[in-house]
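Everything below belongs to structure.pdb, which stores PDB, C-alpha atoms and all ligand atoms.
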```pdb
ATOM      1  CA  MET F   1      33.660 -50.249   6.898  1.00  0.00           C
ATOM      2  CA  SER F   2      32.296 -47.971   4.197  1.00  0.00           C
ATOM      3  CA  VAL F   3      30.079 -45.103   5.181  1.00  0.00           C
ATOM      4  CA  GLN F   4      26.574 -45.879   4.059  1.00  0.00           C
ATOM      5  CA  HIS F   5      23.989 -43.407   2.832  1.00  0.00           C
ATOM      6  CA  LEU F   6      22.805 -41.049   5.540  1.00  0.00           C
ATOM      7  CA  SER F   7      19.262 -42.344   5.482  1.00  0.00           C
ATOM      8  CA  SER F   8      20.519 -45.555   7.014  1.00  0.00           C
ATOM      9  CA  ILE F   9      21.489 -43.606  10.120  1.00  0.00           C
ATOM     10  CA  ASN F  10      19.428 -44.574  13.146  1.00  0.00           C
ATOM     11  CA  ASN F  11      18.563 -47.985  11.729  1.00  0.00           C
ATOM     12  CA  ALA F  12      21.206 -49.728  13.794  1.00  0.00           C
ATOM     13  CA  PHE F  13      20.263 -47.852  16.908  1.00  0.00           C
ATOM     14  CA  ILE F  14      16.564 -48.523  16.443  1.00  0.00           C
ATOM     15  CA  SER F  15      17.256 -52.196  16.007  1.00  0.00           C
ATOM     16  CA  THR F  16      19.471 -52.023  19.127  1.00  0.00           C
ATOM     17  CA  VAL F  17      16.636 -50.819  21.293  1.00  0.00           C
ATOM     18  CA  ASP F  18      13.843 -52.566  19.449  1.00  0.00           C
ATOM     19  CA  HIS F  19      14.868 -56.021  18.191  1.00  0.00           C
ATOM     20  CA  LEU F  20      18.179 -56.947  19.723  1.00  0.00           C
ATOM     21  CA  PRO F  21      17.103 -57.458  23.359  1.00  0.00           C
ATOM     22  CA  THR F  22      14.264 -59.766  22.298  1.00  0.00           C
ATOM     23  CA  ASP F  23      16.563 -61.677  19.938  1.00  0.00           C
ATOM     24  CA  ILE F  24      19.116 -62.219  22.710  1.00  0.00           C
ATOM     25  CA  ILE F  25      16.476 -63.367  25.185  1.00  0.00           C
ATOM     26  CA  ARG F  26      14.935 -65.754  22.657  1.00  0.00           C
ATOM     27  CA  SER F  27      18.310 -67.284  21.739  1.00  0.00           C
ATOM     28  CA  LEU F  28      19.368 -67.695  25.361  1.00  0.00           C
ATOM     29  CA  TRP F  29      16.018 -69.211  26.248  1.00  0.00           C
ATOM     30  CA  LEU F  30      16.372 -71.739  23.402  1.00  0.00           C
ATOM     31  CA  VAL F  31      19.895 -72.691  24.483  1.00  0.00           C
ATOM     32  CA  GLN F  32      18.737 -73.049  28.070  1.00  0.00           C
ATOM     33  CA  SER F  33      15.797 -75.285  27.246  1.00  0.00           C
ATOM     34  CA  CYS F  34      18.134 -77.495  25.166  1.00  0.00           C
ATOM     35  CA  ASN F  35      20.452 -77.759  28.182  1.00  0.00           C
ATOM     36  CA  ILE F  36      17.573 -78.694  30.508  1.00  0.00           C
ATOM     37  CA  GLU F  37      16.515 -81.416  28.080  1.00  0.00           C
ATOM     38  CA  ILE F  38      20.127 -82.666  27.816  1.00  0.00           C
ATOM     39  CA  ASN F  39      20.454 -82.900  31.619  1.00  0.00           C
ATOM     40  CA  LYS F  40      17.229 -84.847  31.819  1.00  0.00           C
ATOM     41  CA  LEU F  41      18.308 -87.362  29.169  1.00  0.00           C
ATOM     42  CA  GLU F  42      21.752 -87.786  30.761  1.00  0.00           C
ATOM     43  CA  GLU F  43      20.133 -88.557  34.135  1.00  0.00           C
ATOM     44  CA  GLU F  44      17.963 -91.116  32.381  1.00  0.00           C
ATOM     45  CA  LEU F  45      21.033 -92.627  30.754  1.00  0.00           C
ATOM     46  CA  LYS F  46      22.831 -92.965  34.107  1.00  0.00           C
ATOM     47  CA  ALA F  47      19.794 -94.357  35.918  1.00  0.00           C
ATOM     48  CA  LYS F  48      19.163 -97.232  33.543  1.00  0.00           C
ATOM     49  CA  ASP F  49      21.419-100.231  34.035  1.00  0.00           C
ATOM     50  CA  ASN F  50      20.098-102.741  31.559  1.00  0.00           C
ATOM     51  CA  MET F  51      19.402-100.677  28.464  1.00  0.00           C
ATOM     52  CA  SER F  52      18.867-102.274  25.074  1.00  0.00           C
ATOM     53  CA  ALA F  53      21.174-101.252  22.243  1.00  0.00           C
ATOM     54  CA  SER F  54      18.342 -99.685  20.239  1.00  0.00           C
ATOM     55  CA  GLU F  55      17.091 -97.718  23.263  1.00  0.00           C
ATOM     56  CA  PHE F  56      20.642 -96.462  23.844  1.00  0.00           C
ATOM     57  CA  THR F  57      20.993 -95.422  20.205  1.00  0.00           C
ATOM     58  CA  VAL F  58      17.742 -93.439  20.256  1.00  0.00           C
ATOM     59  CA  LEU F  59      18.751 -91.643  23.449  1.00  0.00           C
ATOM     60  CA  LYS F  60      22.214 -90.894  22.083  1.00  0.00           C
ATOM     61  CA  MET F  61      20.714 -89.490  18.855  1.00  0.00           C
ATOM     62  CA  GLN F  62      18.344 -87.269  20.845  1.00  0.00           C
ATOM     63  CA  LEU F  63      21.267 -85.991  22.896  1.00  0.00           C
ATOM     64  CA  ASN F  64      23.364 -85.273  19.812  1.00  0.00           C
ATOM     65  CA  ARG F  65      20.510 -83.374  18.193  1.00  0.00           C
ATOM     66  CA  LEU F  66      20.080 -81.220  21.342  1.00  0.00           C
ATOM     67  CA  TYR F  67      23.816 -80.531  21.565  1.00  0.00           C
ATOM     68  CA  ALA F  68      23.878 -79.494  17.911  1.00  0.00           C
ATOM     69  CA  GLU F  69      20.835 -77.269  18.325  1.00  0.00           C
ATOM     70  CA  ALA F  70      22.194 -75.496  21.408  1.00  0.00           C
ATOM     71  CA  THR F  71      25.585 -74.968  19.756  1.00  0.00           C
ATOM     72  CA  SER F  72      24.176 -73.590  16.510  1.00  0.00           C
ATOM     73  CA  GLU F  73      21.828 -71.254  18.359  1.00  0.00           C
ATOM     74  CA  ALA F  74      24.703 -69.915  20.463  1.00  0.00           C
ATOM     75  CA  GLN F  75      26.799 -69.502  17.311  1.00  0.00           C
ATOM     76  CA  ALA F  76      23.986 -67.616  15.578  1.00  0.00           C
ATOM     77  CA  LEU F  77      23.617 -65.304  18.551  1.00  0.00           C
ATOM     78  CA  TYR F  78      27.354 -64.664  18.568  1.00  0.00           C
ATOM     79  CA  ASN F  79      27.316 -63.843  14.825  1.00  0.00           C
ATOM     80  CA  GLN F  80      24.367 -61.522  15.292  1.00  0.00           C
ATOM     81  CA  LEU F  81      26.141 -59.636  18.070  1.00  0.00           C
ATOM     82  CA  VAL F  82      29.320 -59.274  16.023  1.00  0.00           C
ATOM     83  CA  THR F  83      27.398 -57.960  12.997  1.00  0.00           C
ATOM     84  CA  HIS F  84      25.392 -55.639  15.174  1.00  0.00           C
ATOM     85  CA  LYS F  85      28.520 -54.209  16.738  1.00  0.00           C
ATOM     86  CA  ILE F  86      29.939 -53.474  13.276  1.00  0.00           C
ATOM     87  CA  THR F  87      26.724 -51.731  12.201  1.00  0.00           C
ATOM     88  CA  LEU F  88      26.678 -49.634  15.357  1.00  0.00           C
ATOM     89  CA  LYS F  89      30.305 -48.634  14.855  1.00  0.00           C
ATOM     90  CA  ASP F  90      29.490 -47.605  11.296  1.00  0.00           C
ATOM     91  CA  GLU F  91      26.519 -45.604  12.462  1.00  0.00           C
ATOM     92  CA  LEU F  92      28.608 -43.868  15.090  1.00  0.00           C
ATOM     93  CA  GLN F  93      31.133 -42.892  12.403  1.00  0.00           C
ATOM     94  CA  GLN F  94      28.376 -41.463  10.214  1.00  0.00           C
ATOM     95  CA  LEU F  95      26.931 -39.431  13.074  1.00  0.00           C
ATOM     96  CA  GLN F  96      30.339 -38.104  14.025  1.00  0.00           C
ATOM     97  CA  SER F  97      31.043 -37.029  10.454  1.00  0.00           C
ATOM     98  CA  VAL F  98      27.639 -35.373  10.208  1.00  0.00           C
ATOM     99  CA  SER F  99      28.169 -33.412  13.412  1.00  0.00           C
ATOM    100  CA  LYS F 100      31.670 -32.392  12.329  1.00  0.00           C
ATOM    101  CA  ASN F 101      30.340 -31.052   8.995  1.00  0.00           C
ATOM    102  CA  ARG F 102      27.595 -29.199  10.767  1.00  0.00           C
ATOM    103  CA  ASN F 103      30.093 -27.384  12.963  1.00  0.00           C
ATOM    104  CA  THR F 104      32.304 -26.249  10.129  1.00  0.00           C
ATOM    105  CA  SER F 105      30.419 -25.686   6.913  1.00  0.00           C
ATOM    106  CA  THR F 106      26.683 -25.347   7.519  1.00  0.00           C
ATOM    107  CA  ILE F 107      25.272 -21.848   7.983  1.00  0.00           C
ATOM    108  CA  HIS F 108      23.069 -21.490  11.014  1.00  0.00           C
ATOM    109  CA  PRO F 109      19.430 -20.853   9.976  1.00  0.00           C
ATOM    110  CA  ASP F 110      19.270 -17.612  11.967  1.00  0.00           C
ATOM    111  CA  LYS F 111      22.368 -16.315  10.250  1.00  0.00           C
ATOM    112  CA  LEU F 112      20.948 -17.287   6.866  1.00  0.00           C
ATOM    113  CA  LYS F 113      17.709 -15.460   7.656  1.00  0.00           C
ATOM    114  CA  GLN F 114      19.669 -12.374   8.693  1.00  0.00           C
ATOM    115  CA  GLN F 115      21.659 -12.475   5.460  1.00  0.00           C
ATOM    116  CA  LEU F 116      18.461 -12.750   3.421  1.00  0.00           C
ATOM    117  CA  GLU F 117      16.853  -9.830   5.275  1.00  0.00           C
ATOM    118  CA  GLU F 118      19.955  -7.765   4.675  1.00  0.00           C
ATOM    119  CA  HIS F 119      19.847  -8.652   1.004  1.00  0.00           C
ATOM    120  CA  TYR F 120      16.195  -7.677   0.572  1.00  0.00           C
ATOM    121  CA  LYS F 121      16.736  -4.392   2.392  1.00  0.00           C
ATOM    122  CA  GLN F 122      19.229  -3.457  -0.289  1.00  0.00           C
ATOM    123  CA  HIS F 123      17.328  -5.036  -3.190  1.00  0.00           C
ATOM    124  CA  PRO F 124      13.636  -4.846  -2.335  1.00  0.00           C
ATOM    125  CA  LEU F 125      11.262  -6.890  -4.459  1.00  0.00           C
ATOM    126  CA  ALA F 126       8.371  -5.034  -6.079  1.00  0.00           C
ATOM    127  CA  SER F 127       5.929  -7.730  -5.015  1.00  0.00           C
ATOM    128  CA  PHE F 128       6.907  -7.222  -1.377  1.00  0.00           C
ATOM    129  CA  GLU F 129       5.614  -3.669  -1.170  1.00  0.00           C
ATOM    130  CA  LYS F 130       3.277  -3.525   1.733  1.00  0.00           C
ATOM    131  CA  GLN F 131      -0.389  -3.790   0.854  1.00  0.00           C
ATOM    132  CA  PRO F 132      -3.281  -2.943   3.136  1.00  0.00           C
ATOM    133  CA  LYS F 133      -4.643  -6.079   4.736  1.00  0.00           C
ATOM    134  CA  ALA F 134      -8.222  -5.627   3.638  1.00  0.00           C
ATOM    135  CA  PRO F 135      -8.397  -2.733   1.216  1.00  0.00           C
ATOM    136  CA  ILE F 136     -12.175  -2.326   1.083  1.00  0.00           C
ATOM    137  CA  LYS F 137     -12.761  -2.359   4.789  1.00  0.00           C
ATOM    138  CA  LEU F 138      -9.875  -0.036   5.518  1.00  0.00           C
ATOM    139  CA  VAL F 139     -11.017   2.604   3.042  1.00  0.00           C
ATOM    140  CA  LEU F 140     -14.622   2.540   4.121  1.00  0.00           C
ATOM    141  CA  LYS F 141     -13.871   2.534   7.809  1.00  0.00           C
ATOM    142  CA  VAL F 142     -12.260   5.948   7.412  1.00  0.00           C
ATOM    143  CA  SER F 143     -15.498   7.286   5.987  1.00  0.00           C
ATOM    144  CA  LYS F 144     -17.404   6.196   9.065  1.00  0.00           C
ATOM    145  CA  LYS F 145     -16.011   9.225  10.906  1.00  0.00           C
ATOM    146  CA  LYS F 146     -15.852   7.247  14.078  1.00  0.00           C
ATOM    147  CA  PRO F 147     -12.196   7.344  14.963  1.00  0.00           C
ATOM    148  CA  THR F 148     -11.142   4.533  17.216  1.00  0.00           C
ATOM    149  CA  LYS F 149      -8.846   4.977  20.171  1.00  0.00           C
ATOM    150  CA  LYS F 150      -6.110   3.338  18.108  1.00  0.00           C
ATOM    151  CA  LYS F 151      -6.350   5.977  15.425  1.00  0.00           C
ATOM    152  CA  GLU F 152      -6.329   8.817  17.959  1.00  0.00           C
ATOM    153  CA  LYS F 153      -3.064   7.554  19.318  1.00  0.00           C
ATOM    154  CA  LEU F 154      -1.575   7.561  15.837  1.00  0.00           C
ATOM    155  CA  ALA F 155      -2.803  11.108  15.144  1.00  0.00           C
ATOM    156  CA  PRO F 156       0.456  12.946  14.376  1.00  0.00           C
ATOM    157  CA  TYR F 157       1.652  11.900  10.951  1.00  0.00           C
ATOM    158  CA  VAL F 158       4.797   9.857  11.142  1.00  0.00           C
ATOM    159  CA  PRO F 159       6.453   8.996   7.865  1.00  0.00           C
ATOM    160  CA  PRO F 160       6.755   5.253   7.490  1.00  0.00           C
ATOM    161  CA  PRO F 161      10.212   3.905   8.159  1.00  0.00           C
ATOM    162  CA  PRO F 162      12.052   3.515   4.863  1.00  0.00           C
ATOM    163  CA  ILE F 163      12.844  -0.131   5.457  1.00  0.00           C
ATOM    164  CA  GLU F 164      10.147  -2.480   6.578  1.00  0.00           C
ATOM    165  CA  ASP F 165       9.971  -6.158   7.190  1.00  0.00           C
ATOM    166  CA  PRO F 166       8.877  -7.298   3.722  1.00  0.00           C
ATOM    167  CA  VAL F 167       6.579 -10.066   4.937  1.00  0.00           C
ATOM    168  CA  ASP F 168       3.725  -9.457   7.353  1.00  0.00           C
ATOM    169  CA  THR F 169       4.074 -12.381   9.700  1.00  0.00           C
ATOM    170  CA  THR F 170       1.376 -11.256  12.129  1.00  0.00           C
ATOM    171  CA  LEU F 171      -1.202 -13.979  12.736  1.00  0.00           C
ATOM    172  CA  TYR F 172      -4.886 -13.209  12.379  1.00  0.00           C
ATOM    173  CA  CYS F 173      -8.205 -14.964  12.465  1.00  0.00           C
ATOM    174  CA  PHE F 174      -9.433 -18.055  14.300  1.00  0.00           C
ATOM    175  CA  CYS F 175      -7.060 -20.107  12.175  1.00  0.00           C
ATOM    176  CA  LYS F 176      -3.997 -18.180  13.445  1.00  0.00           C
ATOM    177  CA  GLN F 177      -2.588 -17.703   9.953  1.00  0.00           C
ATOM    178  CA  PRO F 178      -1.052 -14.643   8.291  1.00  0.00           C
ATOM    179  CA  SER F 179      -3.218 -12.267   6.291  1.00  0.00           C
ATOM    180  CA  SER F 180      -4.221 -13.517   2.837  1.00  0.00           C
ATOM    181  CA  GLY F 181      -6.957 -12.708   0.335  1.00  0.00           C
ATOM    182  CA  ASP F 182     -10.028 -10.726   1.412  1.00  0.00           C
ATOM    183  CA  MET F 183     -10.348 -10.202   5.123  1.00  0.00           C
ATOM    184  CA  ILE F 184     -12.981  -8.697   7.360  1.00  0.00           C
ATOM    185  CA  GLY F 185     -12.335  -6.827  10.590  1.00  0.00           C
ATOM    186  CA  CYS F 186     -14.170  -7.497  13.845  1.00  0.00           C
ATOM    187  CA  ASP F 187     -15.971  -4.351  15.011  1.00  0.00           C
ATOM    188  CA  ASN F 188     -14.870  -5.038  18.552  1.00  0.00           C
ATOM    189  CA  GLU F 189     -11.851  -3.212  17.267  1.00  0.00           C
ATOM    190  CA  THR F 190      -9.892  -2.407  20.359  1.00  0.00           C
ATOM    191  CA  SER F 191     -10.250  -5.686  22.173  1.00  0.00           C
ATOM    192  CA  CYS F 192     -11.135  -8.544  19.835  1.00  0.00           C
ATOM    193  CA  PRO F 193      -9.431 -11.559  21.366  1.00  0.00           C
ATOM    194  CA  ASN F 194      -9.566 -13.639  18.187  1.00  0.00           C
ATOM    195  CA  GLY F 195      -7.100 -11.794  15.981  1.00  0.00           C
ATOM    196  CA  ASP F 196      -9.076  -8.711  14.842  1.00  0.00           C
ATOM    197  CA  TRP F 197      -9.043  -9.606  11.133  1.00  0.00           C
ATOM    198  CA  PHE F 198     -10.571 -12.733   9.613  1.00  0.00           C
ATOM    199  CA  HIS F 199     -10.283 -14.586   6.337  1.00  0.00           C
ATOM    200  CA  TYR F 200     -13.614 -14.586   4.490  1.00  0.00           C
ATOM    201  CA  LYS F 201     -13.591 -18.345   4.144  1.00  0.00           C
ATOM    202  CA  CYS F 202     -12.915 -18.842   7.863  1.00  0.00           C
ATOM    203  CA  VAL F 203     -16.023 -16.926   8.901  1.00  0.00           C
ATOM    204  CA  GLY F 204     -18.360 -18.163   6.169  1.00  0.00           C
ATOM    205  CA  ILE F 205     -18.357 -15.069   3.936  1.00  0.00           C
ATOM    206  CA  MET F 206     -18.469 -16.192   0.319  1.00  0.00           C
ATOM    207  CA  ASN F 207     -17.415 -13.003  -1.491  1.00  0.00           C
ATOM    208  CA  ARG F 208     -17.150  -9.223  -1.382  1.00  0.00           C
ATOM    209  CA  VAL F 209     -20.790  -8.784  -2.323  1.00  0.00           C
ATOM    210  CA  GLN F 210     -21.891 -10.754   0.683  1.00  0.00           C
ATOM    211  CA  ALA F 211     -19.526  -8.709   2.839  1.00  0.00           C
ATOM    212  CA  LEU F 212     -20.854  -5.406   1.494  1.00  0.00           C
ATOM    213  CA  PRO F 213     -23.216  -4.577   4.380  1.00  0.00           C
ATOM    214  CA  TYR F 214     -20.272  -4.825   6.754  1.00  0.00           C
ATOM    215  CA  THR F 215     -17.589  -3.276   4.601  1.00  0.00           C
ATOM    216  CA  THR F 216     -19.804  -0.274   3.841  1.00  0.00           C
ATOM    217  CA  GLY F 217     -20.459   0.218   7.519  1.00  0.00           C
ATOM    218  CA  LYS F 218     -24.212  -0.403   7.255  1.00  0.00           C
ATOM    219  CA  LYS F 219     -23.980  -3.223   9.704  1.00  0.00           C
ATOM    220  CA  PRO F 220     -21.398  -3.986  12.329  1.00  0.00           C
ATOM    221  CA  TRP F 221     -19.657  -7.323  11.998  1.00  0.00           C
ATOM    222  CA  TYR F 222     -18.487  -9.263  14.996  1.00  0.00           C
ATOM    223  CA  CYS F 223     -16.367 -12.393  14.939  1.00  0.00           C
ATOM    224  CA  SER F 224     -18.218 -13.839  17.898  1.00  0.00           C
ATOM    225  CA  GLU F 225     -21.058 -13.331  20.331  1.00  0.00           C
ATOM    226  CA  TYR F 226     -18.405 -12.422  22.862  1.00  0.00           C
ATOM    227  CA  CYS F 227     -17.279  -9.433  20.804  1.00  0.00           C
ATOM    228  CA  ARG F 228     -20.872  -8.397  20.104  1.00  0.00           C
ATOM    229  CA  HIS F 229     -21.607  -8.349  23.842  1.00  0.00           C
ATOM    230  CA  GLN F 230     -18.413  -6.495  24.647  1.00  0.00           C
ATOM    231  CA  VAL F 231     -19.322  -3.661  22.303  1.00  0.00           C
ATOM    232  CA  ALA F 232     -22.928  -3.571  23.497  1.00  0.00           C
ATOM    233  CA  ARG F 233     -21.793  -3.328  27.095  1.00  0.00           C
ATOM    234  CA  ARG F 234     -19.351  -0.529  26.294  1.00  0.00           C
ATOM    235  CA  ARG F 235     -22.141   1.411  24.516  1.00  0.00           C
ATOM    236  CA  ARG F 236     -24.432   1.068  27.527  1.00  0.00           C
ATOM    237  CA  ARG F 237     -21.741   2.372  29.834  1.00  0.00           C
ATOM    238  CA  ARG F 238     -21.244   5.532  27.771  1.00  0.00           C
TER     239      ARG F 238
HETATM  240 ZN    ZN F 301      -8.551 -17.779   8.879  1.00  0.00          ZN
HETATM  241 ZN    ZN F 302     -13.863 -10.223  17.616  1.00  0.00          ZN
END
```
Give the structure from this file in structure tokens form.
Amino acid sequence: MSVQHLSSINNAFISTVDHLPTDIIRSLWLVQSCNIEINKLEEELKAKDNMSASEFTVLKMQLNRLYAEATSEAQALYNQLVTHKITLKDELQQLQSVSKNRNTSTIHPDKLKQQLEEHYKQHPLASFEKQPKAPIKLVLKVSKKKPTKKKEKLAPYVPPPPIEDPVDTTLYCFCKQPSSGDMIGCDNETSCPNGDWFHYKCVGIMNRVQALPYTTGKKPWYCSEYCRHQVARRRRRR
């Protein structure tokens, strides 16, 4: 049996669980109902003593037709099972060869990732140099002269590690996606539960002009009523 294209894998198994049981039941049911009919006609044949020749011929023809039908149905079922067995065997062979190849020649995704990271550490791409997430906001926040707790913790200058993960995979925003394009920060800075930074389009800000009141610090911007209340409550407590 030749090994078919890999996309055919699973077809035999799906048909095993999906079609085959119904096909078997239907065939067996057909054979059985033929047999019931045959028994009935044979009883009739035995019971009648004085049967005309034409009556006998009709009955005999009916019986022959039923025999033929039952036999051909059983034969068809047998052929189907034989073919199905061959297909399953073929599928099994394909799966075994796939799993063997996987063990020997395919690189595990984790290993591949590690190799790539290693490569980019040695040959960094210019386009991967880390950029601030939201340049405008970051610059202007510094001018607010209202250092957050976060910044106080980071007070002593620590030179950035020479090698950094080239891609920022942190998830932000309500959409739980990485940083991209212009983003605005929630002013519930220390405890925003929604990801701290938000894509303009996700929070209904059309452009930088519209964001200006917030990015210049004239107005606080909160991602949600929850964050607004949190900050208000903290102010009251002070
Ligand atoms: Zn978003
Ligand atoms: Zn928030």
List all protein, DNA and RNA residues that have an atom no more than 8 Å from any atom of ligand ZN 302 (chain F), counting all atoms listed in the file, and report them as a PyMOL selection string.
chain F and resi 185-189+191-196+222-224+226-228
Please list as a list in words every residue within 9 Å of His84 in chain F, counting all atoms listed in the file and excluding residues in the same chain fewer than 5 positions away.
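Result of the neighbour search: Ala12, Ser15, Thr16, Leu20, Asn79 and Lys89 of chain F.
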Rounded to one decimal, what separation in Å do you get between CA of Thr190 in chain F and CA of Gln177 in chain F?
19.9 Å
Kindly work out which residues sit at most 12 Å from ligand ZN 301 (chain F), using all atoms listed in the file, and give the list as JSON, numbers by chain.
{"F": [171, 172, 173, 174, 175, 176, 177, 178, 179, 180, 181, 182, 183, 184, 185, 194, 195, 196, 197, 198, 199, 200, 201, 202, 203, 204, 205, 223]}
CA of Gln96 in chain F and CA of Phe13 in chain F, how far apart in Å?
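For CA of Phe13 in chain F relative to CA of Gln96 in chain F, the distance reads 14.3 Å.
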Using Å and a single decimal, report how far CA of Ser33 in chain F sits from CA of Phe56 in chain F.
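These two atoms are separated by 22.0 Å.
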In terms of the shortest atom-to-atom distance over only C-alpha atoms, which of F:Asp23, F:Glu117, F:Glu225, F:Glu37 is closest to Val167 in chain F?
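Using only C-alpha atoms, Val167 in chain F sits closest to F:Glu117.
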Hey, could you pull the box centre and edge lengths for range 197-202 of chain F, axis-aligned, 6 Å padding per side, all listed atoms, to one decimal in Å, as JSON?
```
{"center_x": -11.3, "center_y": -14.2, "center_z": 7.6, "size_x": 16.6, "size_y": 21.2, "size_z": 19.0}
```
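Proximity ranking of F:Lys48, F:Ile14, F:Ala76, F:Ala53 relative to Ser27 in chain F places F:Ala76 first, based on only C-alpha atoms.
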Of the residues F:Gly217, F:Ser52, F:His19, F:Arg237, which is the one nearest to Leu81 in chain F, using only C-alpha atoms?
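Of all the options, F:His19 lies closest to Leu81 in chain F.
Applied to this file, the PyMOL selection byres (((chain F and resi 38) around 10) and not hetatm) selects the residues Gln32, Ser33, Cys34, Asn35, Ile36, Glu37, Asn39, Lys40, Leu41, Glu42, Glu43, Glu44, Gln62, Leu63, Asn64, Arg65, Leu66, Tyr67 and Ala70 of chain F.
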Using only C-alpha atoms, can you tell me which of F:Leu28, F:Met206, F:Val17, F:Val231 comes closest to Ser72 in chain F?
F:Leu28
